[in-house]
Amino acid sequence: MKVYSFLLGGIRYTDSTVPPRDSSVTAFLPGLSVIPLMQHVGSKANPVVAVGDRVTEGMLIGRGQGLGSANVHATVPGRVARTVSWKTAEGLINDALVIKLEGSFGKLGKREEVFPWQNLPPFELQRIIAEYGIVEMEGAGRPVADLFYSLRSASDPVTLVVRCVFDDPWLAANYVLLRERLEAVAEGSRIAARAGRMGRIILVFSQGEKELGNSLLERLAQADAPVSLVLTGSRYPQRNPRELELALKRYSRKEGIELGTILSLGPATLAAIHDAVRLKKPILDRYVAVGGSAIKNPQVMKVRIGTRIGDIFAECGGFVDKPRRIGSGSPLMGRAVVDLDEPVIKTSFAVFAFLPWQTGDASVSRCVSCGECRAVCPVGLDPEQLYKSVSGPERGNTRHSRTGECHGCGCCEVVCPSRLPLSTTIVRAALKGN
Ligand code: SF4
Ligand code: SF4
């Protein structure tokens, strides 16, 4: 079977400190859950409960403000104990409701009622997906209802891409979810295709996961739309939208299949769509890869949304020594965690804590003009020049800076022998319009 990839640059990204991908463990339920009103890109949800109110598991506690926002739900039963606000590493103020666990669970441990969806029209499926606050469960967390809405103006054909590309070892939680919830991912794919009126489903798997791809393909035999499996390479950043599209264009040309507009969703998001429509359940928990050199026992955990990151680390045996860097998401493109009281949210597919030797920023030195960064840039940029044009004495000297073309994949920074903060600096400059 042919393997499709992007052509330029990229890296083989490995990390021995990620948790093993063989199974998951369920984390303890938190006594206090911190539920942010902003777990997605766009505007924060408006709280619809107040301090002192009782809430049930799965109850709406924050209403999204239409397009560009998403509903937020209580993930445990209890009482709203207080509200908290904190400043994120990006300087944004996040507000959260703190729920003290009390009373009994309405869903956890109960036999789940299943609801038929096959006769529901697309707009009703979209309404349910919006009602249960489903967002993309990796990356920025775009509300899925918005993604469907954006397809309204797309001309045919429209293709659903089920994105199972494991180019980054920190996607371990997605891999475990896929193995443990394959049926839900399959049905979530069928529901998403119906909701978005999509005429074709393409399962995109990195070549190492071909067997898993074939298992998903078998389960989609009854789908309304034609389904095919496409294998990609596993060089990072194959999963990025630009690089994924490049690989799919090559597939489309080779097979003579027009894919048209593409909506690409990962397995965790598809399982969440399944839970919303089939079980009438919002996102109550998620799979999280917990690891890094500072963590005693890295593992993939099923964690309730709102659990403190500090509690997750404690459940993994705590720190072996004082960490230098703590973050959420992949270390290559993730964000810094400034306080261990910050909670796991819908998009937290990984949390990590690194010892100084793993952070790569301990000894920043001068560029030795080795050219490694140029060799790995998938966009064909010159990270060394871009870095110099936006920092240091040469700042502002480059008249035709291409910083805006950088998508922040981090490849250049990983390979730089001088440990220069290349992508971090270039992305920051691009955001400022330099
Ligand atoms: S972070 Fe930007 S400059 Fe660096 S390799 Fe990626 S796209 Fe190129
Ligand atoms: S990889 Fe680092 S040291 Fe090498 S050319 Fe690029 S910036 Fe300079």
# chains A, B, ... in the order shown; residues from 1 in each chain; ligands from 1
$ closest_atom_pairs --of "stretch 344-377 of chain A" --to "stretch 35-40 of chain A" --cutoff "8 Å" --atoms "only C-alpha atoms" --output "tab-separated table"
residue	atom	partner	partner_atom	distance
A:Ile345	CA	A:Gln39	CA	6.0
A:Lys346	CA	A:Gln39	CA	6.1
A:Thr347	CA	A:Gln39	CA	7.2
$ residues_near_ligand --ligand "ligand 2" --cutoff "9 Å" --atoms "only C-alpha atoms and all ligand atoms" --output "VMD selection string"
chain A and resid 365 to 375 382 to 385 387 to 388 412 to 422
$ residues_around --residues "A:Thr307" --least-positions-apart "2" --cutoff "10 Å" --atoms "only C-alpha atoms" --output "ChimeraX atom specification"
/A:27-35,75,285,303-305,309-312,341-345
$ residues_around --residues "A:Ala184" --least-positions-apart "4" --cutoff "12 Å" --atoms "only C-alpha atoms" --output "PyMOL selection string"
chain A and resi 177-180+188-192+216+219-220+267-279
$ residues_around --residues "A:Ala289" --least-positions-apart "6" --cutoff "12 Å" --atoms "only C-alpha atoms" --output "ChimeraX atom specification"
/A:17-27,168-177,295,297-303,309,312-313,316,327-331,344,347-353
$ write_last_selection --atoms "N, CA and C atoms" --output "compact mmCIF listing (two decimals), in the first residue's frame"
# COMPACT_ATOMS: atom_id res chain seq x y z
N THR A 17 10.58 9.54 27.45
CA THR A 17 9.90 9.84 28.72
C THR A 17 8.37 9.90 28.58
N VAL A 18 7.86 9.56 27.38
CA VAL A 18 6.40 9.51 27.24
C VAL A 18 5.89 8.23 27.90
N PRO A 19 4.63 8.19 28.32
CA PRO A 19 4.12 6.96 28.95
C PRO A 19 3.94 5.85 27.93
N PRO A 20 3.97 4.58 28.37
CA PRO A 20 3.73 3.46 27.47
C PRO A 20 2.31 3.53 26.89
N ARG A 21 2.15 3.03 25.65
CA ARG A 21 0.85 3.16 24.97
C ARG A 21 -0.01 1.90 25.10
N ASP A 22 0.31 1.02 26.07
CA ASP A 22 -0.42 -0.25 26.07
C ASP A 22 -1.77 -0.22 26.76
N SER A 23 -1.98 0.68 27.72
CA SER A 23 -3.26 0.69 28.42
C SER A 23 -3.44 2.03 29.14
N SER A 24 -4.63 2.18 29.76
CA SER A 24 -4.88 3.40 30.52
C SER A 24 -5.29 3.03 31.95
N VAL A 25 -5.10 3.97 32.87
CA VAL A 25 -5.63 3.79 34.23
C VAL A 25 -6.58 4.94 34.50
N THR A 26 -7.57 4.71 35.33
CA THR A 26 -8.54 5.76 35.64
C THR A 26 -8.08 6.53 36.86
N ALA A 27 -8.01 7.85 36.71
CA ALA A 27 -7.54 8.69 37.81
C ALA A 27 -8.62 8.81 38.89
N ASP A 168 3.95 12.18 16.65
CA ASP A 168 4.45 12.79 17.87
C ASP A 168 4.17 11.80 19.01
N PRO A 169 5.20 11.34 19.71
CA PRO A 169 4.96 10.33 20.76
C PRO A 169 4.05 10.82 21.87
N TRP A 170 3.89 12.16 21.98
CA TRP A 170 3.01 12.70 23.04
C TRP A 170 1.54 12.52 22.69
N LEU A 171 1.24 11.91 21.54
CA LEU A 171 -0.15 11.59 21.21
C LEU A 171 -0.53 10.21 21.77
N ALA A 172 0.24 9.73 22.74
CA ALA A 172 0.00 8.38 23.30
C ALA A 172 -1.44 8.21 23.77
N ALA A 173 -2.04 9.27 24.32
CA ALA A 173 -3.41 9.14 24.84
C ALA A 173 -4.39 8.89 23.71
N ASN A 174 -4.17 9.55 22.57
CA ASN A 174 -5.04 9.33 21.41
C ASN A 174 -4.95 7.88 20.93
N TYR A 175 -3.73 7.36 20.96
CA TYR A 175 -3.51 5.99 20.50
C TYR A 175 -4.25 5.00 21.41
N VAL A 176 -4.13 5.20 22.72
CA VAL A 176 -4.79 4.30 23.67
C VAL A 176 -6.31 4.41 23.52
N LEU A 177 -6.80 5.65 23.37
CA LEU A 177 -8.25 5.84 23.17
C LEU A 177 -8.72 5.08 21.94
N ILE A 295 8.68 12.93 36.05
CA ILE A 295 7.56 12.14 36.59
C ILE A 295 8.02 10.72 36.91
N ASN A 297 6.28 7.78 37.54
CA ASN A 297 5.64 6.68 36.78
C ASN A 297 4.75 7.22 35.67
N PRO A 298 5.32 7.53 34.51
CA PRO A 298 4.49 8.04 33.41
C PRO A 298 3.41 7.03 33.03
N GLN A 299 2.22 7.51 32.76
CA GLN A 299 1.13 6.62 32.34
C GLN A 299 0.05 7.39 31.59
N VAL A 300 -0.74 6.65 30.80
CA VAL A 300 -1.91 7.25 30.16
C VAL A 300 -3.07 7.08 31.12
N MET A 301 -3.75 8.20 31.42
CA MET A 301 -4.82 8.17 32.42
C MET A 301 -6.12 8.67 31.83
N LYS A 302 -7.21 8.13 32.34
CA LYS A 302 -8.54 8.70 32.05
C LYS A 302 -8.86 9.64 33.20
N VAL A 303 -8.97 10.92 32.87
CA VAL A 303 -9.02 11.95 33.91
C VAL A 303 -10.30 12.76 33.77
N ILE A 309 -3.85 19.52 37.77
CA ILE A 309 -2.69 18.87 37.15
C ILE A 309 -1.74 18.36 38.25
N ILE A 312 -2.78 14.97 39.31
CA ILE A 312 -2.45 13.93 38.31
C ILE A 312 -0.99 13.51 38.47
N PHE A 313 -0.12 14.49 38.64
CA PHE A 313 1.29 14.16 38.83
C PHE A 313 1.47 13.33 40.11
N CYS A 316 0.85 9.82 39.69
CA CYS A 316 1.89 9.12 38.91
C CYS A 316 3.17 9.01 39.74
N GLY A 327 4.24 21.60 31.36
CA GLY A 327 3.40 22.08 30.27
C GLY A 327 2.25 21.14 29.96
N SER A 328 1.42 21.59 29.04
CA SER A 328 0.26 20.82 28.61
C SER A 328 0.27 20.75 27.09
N GLY A 329 -0.10 19.59 26.53
CA GLY A 329 -0.03 19.38 25.09
C GLY A 329 1.33 18.79 24.75
N SER A 330 1.68 18.80 23.48
CA SER A 330 3.00 18.29 23.12
C SER A 330 4.06 19.32 23.49
N PRO A 331 5.23 18.88 23.98
CA PRO A 331 6.29 19.84 24.30
C PRO A 331 6.69 20.70 23.10
N VAL A 344 -7.03 19.96 34.25
CA VAL A 344 -7.14 19.30 32.94
C VAL A 344 -8.41 19.83 32.29
N THR A 347 -9.02 20.03 26.04
CA THR A 347 -7.95 19.88 25.04
C THR A 347 -6.64 19.30 25.60
N SER A 348 -6.62 18.94 26.88
CA SER A 348 -5.34 18.51 27.51
C SER A 348 -5.01 17.06 27.17
N PHE A 349 -4.47 16.82 25.97
CA PHE A 349 -4.19 15.43 25.61
C PHE A 349 -2.91 14.91 26.26
N ALA A 350 -2.07 15.83 26.77
CA ALA A 350 -0.86 15.41 27.49
C ALA A 350 -0.49 16.47 28.51
N VAL A 351 0.08 16.05 29.62
CA VAL A 351 0.71 16.99 30.56
C VAL A 351 2.09 16.43 30.89
N PHE A 352 3.06 17.29 30.99
CA PHE A 352 4.43 16.81 31.18
C PHE A 352 5.19 17.68 32.16
N ALA A 353 6.21 17.09 32.77
CA ALA A 353 7.12 17.83 33.65
C ALA A 353 8.53 17.35 33.33
$ residues_near_ligand --ligand "ligand 1" --cutoff "7 Å" --atoms "only C-alpha atoms and all ligand atoms" --output "VMD selection string"
chain A and resid 373 376 to 383 406 to 413 422 to 423 426
$ residues_around --residues "stretch 89-98 of chain A" --least-positions-apart "3" --cutoff "9 Å" --atoms "only C-alpha atoms" --output "PyMOL selection string"
chain A and resi 32-38+44+47+49-51+61+79-86+306+335-338
$ write_last_selection --atoms "N, CA and C atoms" --output "mmCIF file, in the first residue's frame"
data_model
loop_
_atom_site.group_PDB
_atom_site.id
_atom_site.type_symbol
_atom_site.label_atom_id
_atom_site.label_comp_id
_atom_site.auth_asym_id
_atom_site.auth_seq_id
_atom_site.Cartn_x
_atom_site.Cartn_y
_atom_site.Cartn_z
ATOM 1 N N LEU A 32 -12.328 18.502 44.712
ATOM 2 C CA LEU A 32 -12.674 19.834 44.197
ATOM 3 C C LEU A 32 -12.344 19.850 42.712
ATOM 4 N N SER A 33 -13.320 20.153 41.872
ATOM 5 C CA SER A 33 -13.064 20.224 40.428
ATOM 6 C C SER A 33 -13.067 21.678 39.999
ATOM 7 N N VAL A 34 -12.067 22.038 39.215
ATOM 8 C CA VAL A 34 -11.952 23.424 38.730
ATOM 9 C C VAL A 34 -12.377 23.417 37.259
ATOM 10 N N ILE A 35 -13.550 23.973 36.966
ATOM 11 C CA ILE A 35 -14.087 23.886 35.600
ATOM 12 C C ILE A 35 -14.002 25.257 34.927
ATOM 13 N N PRO A 36 -13.010 25.462 34.064
ATOM 14 C CA PRO A 36 -12.885 26.769 33.392
ATOM 15 C C PRO A 36 -14.044 27.031 32.428
ATOM 16 N N LEU A 37 -14.411 28.293 32.319
ATOM 17 C CA LEU A 37 -15.471 28.696 31.383
ATOM 18 C C LEU A 37 -14.908 28.853 29.981
ATOM 19 N N MET A 38 -13.613 28.718 29.858
ATOM 20 C CA MET A 38 -12.936 28.866 28.572
ATOM 21 C C MET A 38 -12.083 27.629 28.345
ATOM 22 N N LYS A 44 -15.455 33.097 26.117
ATOM 23 C CA LYS A 44 -15.747 32.179 27.212
ATOM 24 C C LYS A 44 -17.262 32.021 27.388
ATOM 25 N N PRO A 47 -21.486 31.921 32.893
ATOM 26 C CA PRO A 47 -21.949 30.987 33.932
ATOM 27 C C PRO A 47 -23.462 31.063 34.105
ATOM 28 N N VAL A 49 -24.807 29.131 36.724
ATOM 29 C CA VAL A 49 -24.995 28.754 38.131
ATOM 30 C C VAL A 49 -24.155 29.713 38.977
ATOM 31 N N ALA A 50 -24.481 29.778 40.269
ATOM 32 C CA ALA A 50 -23.773 30.709 41.158
ATOM 33 C C ALA A 50 -23.215 29.946 42.356
ATOM 34 N N VAL A 51 -22.346 30.603 43.094
ATOM 35 C CA VAL A 51 -21.757 29.984 44.292
ATOM 36 C C VAL A 51 -22.895 29.546 45.219
ATOM 37 N N ILE A 61 -23.342 24.314 33.093
ATOM 38 C CA ILE A 61 -23.000 25.353 34.090
ATOM 39 C C ILE A 61 -22.496 26.629 33.414
ATOM 40 N N ARG A 79 -21.569 20.929 44.789
ATOM 41 C CA ARG A 79 -22.014 22.294 45.054
ATOM 42 C C ARG A 79 -20.939 23.246 44.547
ATOM 43 N N VAL A 80 -21.384 24.367 43.952
ATOM 44 C CA VAL A 80 -20.404 25.363 43.492
ATOM 45 C C VAL A 80 -19.829 26.038 44.739
ATOM 46 N N ALA A 81 -18.560 25.760 45.020
ATOM 47 C CA ALA A 81 -17.945 26.241 46.260
ATOM 48 C C ALA A 81 -17.457 27.681 46.132
ATOM 49 N N ARG A 82 -16.893 28.025 44.980
ATOM 50 C CA ARG A 82 -16.377 29.388 44.767
ATOM 51 C C ARG A 82 -16.024 29.558 43.298
ATOM 52 N N THR A 83 -15.642 30.779 42.939
ATOM 53 C CA THR A 83 -15.124 31.015 41.594
ATOM 54 C C THR A 83 -13.648 31.388 41.735
ATOM 55 N N VAL A 84 -12.870 31.077 40.727
ATOM 56 C CA VAL A 84 -11.449 31.459 40.750
ATOM 57 C C VAL A 84 -11.069 32.042 39.386
ATOM 58 N N SER A 85 -10.047 32.873 39.375
ATOM 59 C CA SER A 85 -9.496 33.426 38.140
ATOM 60 C C SER A 85 -7.988 33.300 38.206
ATOM 61 N N TRP A 86 -7.351 33.076 37.084
ATOM 62 C CA TRP A 86 -5.892 33.076 37.049
ATOM 63 C C TRP A 86 -5.427 33.506 35.677
ATOM 64 N N GLY A 306 -11.358 19.062 34.928
ATOM 65 C CA GLY A 306 -11.425 19.836 36.170
ATOM 66 C C GLY A 306 -10.480 19.325 37.242
ATOM 67 N N ARG A 335 1.630 24.422 25.652
ATOM 68 C CA ARG A 335 1.708 25.680 26.384
ATOM 69 C C ARG A 335 2.217 25.408 27.793
ATOM 70 N N ALA A 336 2.789 26.454 28.399
ATOM 71 C CA ALA A 336 3.350 26.302 29.737
ATOM 72 C C ALA A 336 2.233 26.262 30.769
ATOM 73 N N VAL A 337 2.427 25.443 31.796
ATOM 74 C CA VAL A 337 1.511 25.434 32.944
ATOM 75 C C VAL A 337 2.215 26.212 34.044
ATOM 76 N N VAL A 338 1.589 27.297 34.510
ATOM 77 C CA VAL A 338 2.275 28.152 35.477
ATOM 78 C C VAL A 338 1.938 27.787 36.917
#
$ closest_atom_pairs --of "stretch 11-82 of chain A" --to "stretch 103-124 of chain A" --cutoff "7 Å" --atoms "only C-alpha atoms" --output "Markdown table"
| residue | atom | partner | partner_atom | distance |
| --- | --- | --- | --- | --- |
| A:Glu57 | CA | A:Gly106 | CA | 6.0 |
| A:Pro77 | CA | A:Phe105 | CA | 6.1 |
| A:Gly78 | CA | A:Gly103 | CA | 6.0 |
$ residues_around --residues "A:Ile262" --least-positions-apart "3" --cutoff "8 Å" --atoms "only C-alpha atoms" --output "VMD selection string"
chain A and resid 158 to 161 259
